[in-house]
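The structure appears right after this line, and notes come after that.
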Amino acid sequence: MAKVGGEVDAFCTRCQLLLAHTVIAMIGAVPVKVECNTCRTVHRFRGASTTPARTSRPRQPAVSFEEMLATRTSPARRYAITDFFAKDDVVDHPTFGRGFVSEVKVPGKVEVTFRGGVKTLVHGRH
Ligand SMILES: [Zn+2]
């Protein structure tokens, strides 16, 4: 459990490495400011799972559709134009099958990733 003055593993923006840091400030249970024990740079906390922002990641991760779907834990909901869907919601579509909401781009439209590809669906229509 992290605490101010304690140590956490964080990604150092100067060293570009995951290193031990001393917690300087916290919001609730989450460290927000840390000091690198190696270079003594004080910077915002980046968790161990966070990759540096400058690393450009491919838009399509190299994981299968099943793996991506498996990480979405919300129960599958039948797609209906009158329903509202949020990011990571699991959707059962009568034509495309099961998918998950990968992006909410504009109000009233969601991008749903199905096995066969990404579809833009209308939602929240009354
Ligand atoms: Zn450092």
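Labels for the structure tokens follow display order: chains A, B, ..., residues from 1 in each chain, ligands from 1.
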
Would you name the residues within 8 Å of ligand 1, counting only C-alpha atoms and all ligand atoms, and put them as a PDB file with C-alpha atoms, in the first residue's frame?
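Output contents, as saved in result-v1.pdb:
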ATOM      1  CA  CYS A  12      10.637   7.663 -14.435  1.00  0.00           C
ATOM      2  CA  THR A  13      10.215  10.238 -17.199  1.00  0.00           C
ATOM      3  CA  ARG A  14      13.929  11.116 -17.104  1.00  0.00           C
ATOM      4  CA  CYS A  15      15.482   7.648 -16.753  1.00  0.00           C
ATOM      5  CA  GLN A  16      12.866   6.126 -19.082  1.00  0.00           C
ATOM      6  CA  LEU A  17      12.798   3.118 -16.804  1.00  0.00           C
ATOM      7  CA  LEU A  19      12.306   2.411 -10.968  1.00  0.00           C
ATOM      8  CA  GLU A  35      10.560  11.458  -6.692  1.00  0.00           C
ATOM      9  CA  CYS A  36      12.857   9.133  -8.580  1.00  0.00           C
ATOM     10  CA  ASN A  37      15.273   7.438  -6.191  1.00  0.00           C
ATOM     11  CA  THR A  38      17.811   7.219  -9.006  1.00  0.00           C
ATOM     12  CA  CYS A  39      17.891  10.692 -10.593  1.00  0.00           C
ATOM     13  CA  ARG A  40      15.906  12.626  -7.934  1.00  0.00           C
ATOM     14  CA  THR A  41      13.536  14.044 -10.531  1.00  0.00           C
TER      15      THR A  41
END

DSSP-assigned strand (DSSP E or B) among segment 8-126 of chain A, expressed as an NGL selection string: :A and (8-12 or 17-27 or 30-36 or 42-44 or 77-78 or 90-93 or 97-104 or 109-114 or 117-122)

What does the file look like for those residues with C-alpha atoms, as a PDB file, in the first residue's frame?
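The result, written out as out-v4.pdb:
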ATOM      1  CA  VAL A   8       6.451   2.771  -5.151  1.00  0.00           C
ATOM      2  CA  ASP A   9       7.518   1.421  -8.502  1.00  0.00           C
ATOM      3  CA  ALA A  10       6.879   4.067 -11.110  1.00  0.00           C
ATOM      4  CA  PHE A  11       7.976   4.945 -14.584  1.00  0.00           C
ATOM      5  CA  CYS A  12      10.637   7.663 -14.435  1.00  0.00           C
ATOM      6  CA  LEU A  17      12.798   3.118 -16.804  1.00  0.00           C
ATOM      7  CA  LEU A  18      10.557   1.538 -14.231  1.00  0.00           C
ATOM      8  CA  LEU A  19      12.306   2.411 -10.968  1.00  0.00           C
ATOM      9  CA  ALA A  20      11.696   2.789  -7.257  1.00  0.00           C
ATOM     10  CA  HIS A  21      10.295   6.215  -6.384  1.00  0.00           C
ATOM     11  CA  THR A  22       9.476   7.982  -3.146  1.00  0.00           C
ATOM     12  CA  VAL A  23       5.868   9.169  -2.913  1.00  0.00           C
ATOM     13  CA  ILE A  24       5.677  12.974  -2.501  1.00  0.00           C
ATOM     14  CA  ALA A  25       1.924  13.486  -2.761  1.00  0.00           C
ATOM     15  CA  MET A  26      -1.171  11.334  -2.988  1.00  0.00           C
ATOM     16  CA  ILE A  27      -4.833  11.760  -3.804  1.00  0.00           C
ATOM     17  CA  VAL A  30      -3.248   6.917  -5.590  1.00  0.00           C
ATOM     18  CA  PRO A  31       0.226   8.503  -5.703  1.00  0.00           C
ATOM     19  CA  VAL A  32       0.157  11.647  -7.864  1.00  0.00           C
ATOM     20  CA  LYS A  33       3.693  12.990  -7.361  1.00  0.00           C
ATOM     21  CA  VAL A  34       6.815  10.911  -6.947  1.00  0.00           C
ATOM     22  CA  GLU A  35      10.560  11.458  -6.692  1.00  0.00           C
ATOM     23  CA  CYS A  36      12.857   9.133  -8.580  1.00  0.00           C
ATOM     24  CA  VAL A  42      10.106  14.885  -9.146  1.00  0.00           C
ATOM     25  CA  HIS A  43       7.358  14.108 -11.609  1.00  0.00           C
ATOM     26  CA  ARG A  44       3.799  12.915 -11.867  1.00  0.00           C
ATOM     27  CA  ARG A  77     -26.577  -6.530 -23.539  1.00  0.00           C
ATOM     28  CA  ARG A  78     -28.759  -6.944 -26.576  1.00  0.00           C
ATOM     29  CA  VAL A  90     -20.440  -5.873 -24.219  1.00  0.00           C
ATOM     30  CA  VAL A  91     -23.071  -5.876 -26.949  1.00  0.00           C
ATOM     31  CA  ASP A  92     -25.019  -8.692 -28.585  1.00  0.00           C
ATOM     32  CA  HIS A  93     -25.982  -7.637 -32.085  1.00  0.00           C
ATOM     33  CA  GLY A  97     -22.831 -11.121 -33.103  1.00  0.00           C
ATOM     34  CA  ARG A  98     -21.058 -10.286 -29.894  1.00  0.00           C
ATOM     35  CA  GLY A  99     -18.811  -7.276 -29.644  1.00  0.00           C
ATOM     36  CA  PHE A 100     -17.707  -4.567 -27.289  1.00  0.00           C
ATOM     37  CA  VAL A 101     -17.831  -0.785 -27.349  1.00  0.00           C
ATOM     38  CA  SER A 102     -14.332   0.313 -28.270  1.00  0.00           C
ATOM     39  CA  GLU A 103     -15.022   3.995 -28.571  1.00  0.00           C
ATOM     40  CA  VAL A 104     -17.702   6.618 -28.027  1.00  0.00           C
ATOM     41  CA  LYS A 109     -22.926   6.943 -31.920  1.00  0.00           C
ATOM     42  CA  VAL A 110     -20.666   4.220 -30.592  1.00  0.00           C
ATOM     43  CA  GLU A 111     -17.877   2.310 -32.261  1.00  0.00           C
ATOM     44  CA  VAL A 112     -18.329  -1.393 -31.583  1.00  0.00           C
ATOM     45  CA  THR A 113     -15.630  -3.949 -32.312  1.00  0.00           C
ATOM     46  CA  PHE A 114     -17.040  -7.241 -33.560  1.00  0.00           C
ATOM     47  CA  GLY A 117     -14.549  -5.610 -37.744  1.00  0.00           C
ATOM     48  CA  VAL A 118     -15.443  -2.271 -36.229  1.00  0.00           C
ATOM     49  CA  LYS A 119     -18.965  -0.935 -36.788  1.00  0.00           C
ATOM     50  CA  THR A 120     -20.399   2.417 -35.915  1.00  0.00           C
ATOM     51  CA  LEU A 121     -23.809   1.990 -34.311  1.00  0.00           C
ATOM     52  CA  VAL A 122     -26.433   4.522 -33.352  1.00  0.00           C
TER      53      VAL A 122
END

Å distance separating atom CA of Lys105 of chain A from atom CA of Arg125 of chain A, one decimal place: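 Atom CA of Arg125 of chain A lies 15.5 Å from atom CA of Lys105 of chain A.
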
From A:Ala80, A:Glu67, A:Pro75, A:Thr95, residue lying nearest Gly124 of chain A [only C-alpha atoms]: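 Checking each of A:Ala80, A:Glu67, A:Pro75, A:Thr95 against Gly124 of chain A, counting only C-alpha atoms, the winner is A:Ala80.
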
Which of chain A DSSP labels helix (DSSP H, G or I), written as number ranges by chain: A: 65-70

Polymer residues at most 12 Å from Ala29 of chain A, only C-alpha atoms, same-chain spacing of 6 or more positions, as a VMD selection string: chain A and resid 1 to 4 23

Interatomic distance (Å, one decimal) between atom CA of Asp89 of chain A and atom CA of Thr73 of chain A: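 So the answer is 8.3 Å.
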
All residues 10 Å or closer to Glu66 of chain A, only C-alpha atoms, same chain fewer than 2 positions away omitted, as a VMD selection string: chain A and resid 63 to 64 68 to 71 99 114 to 115
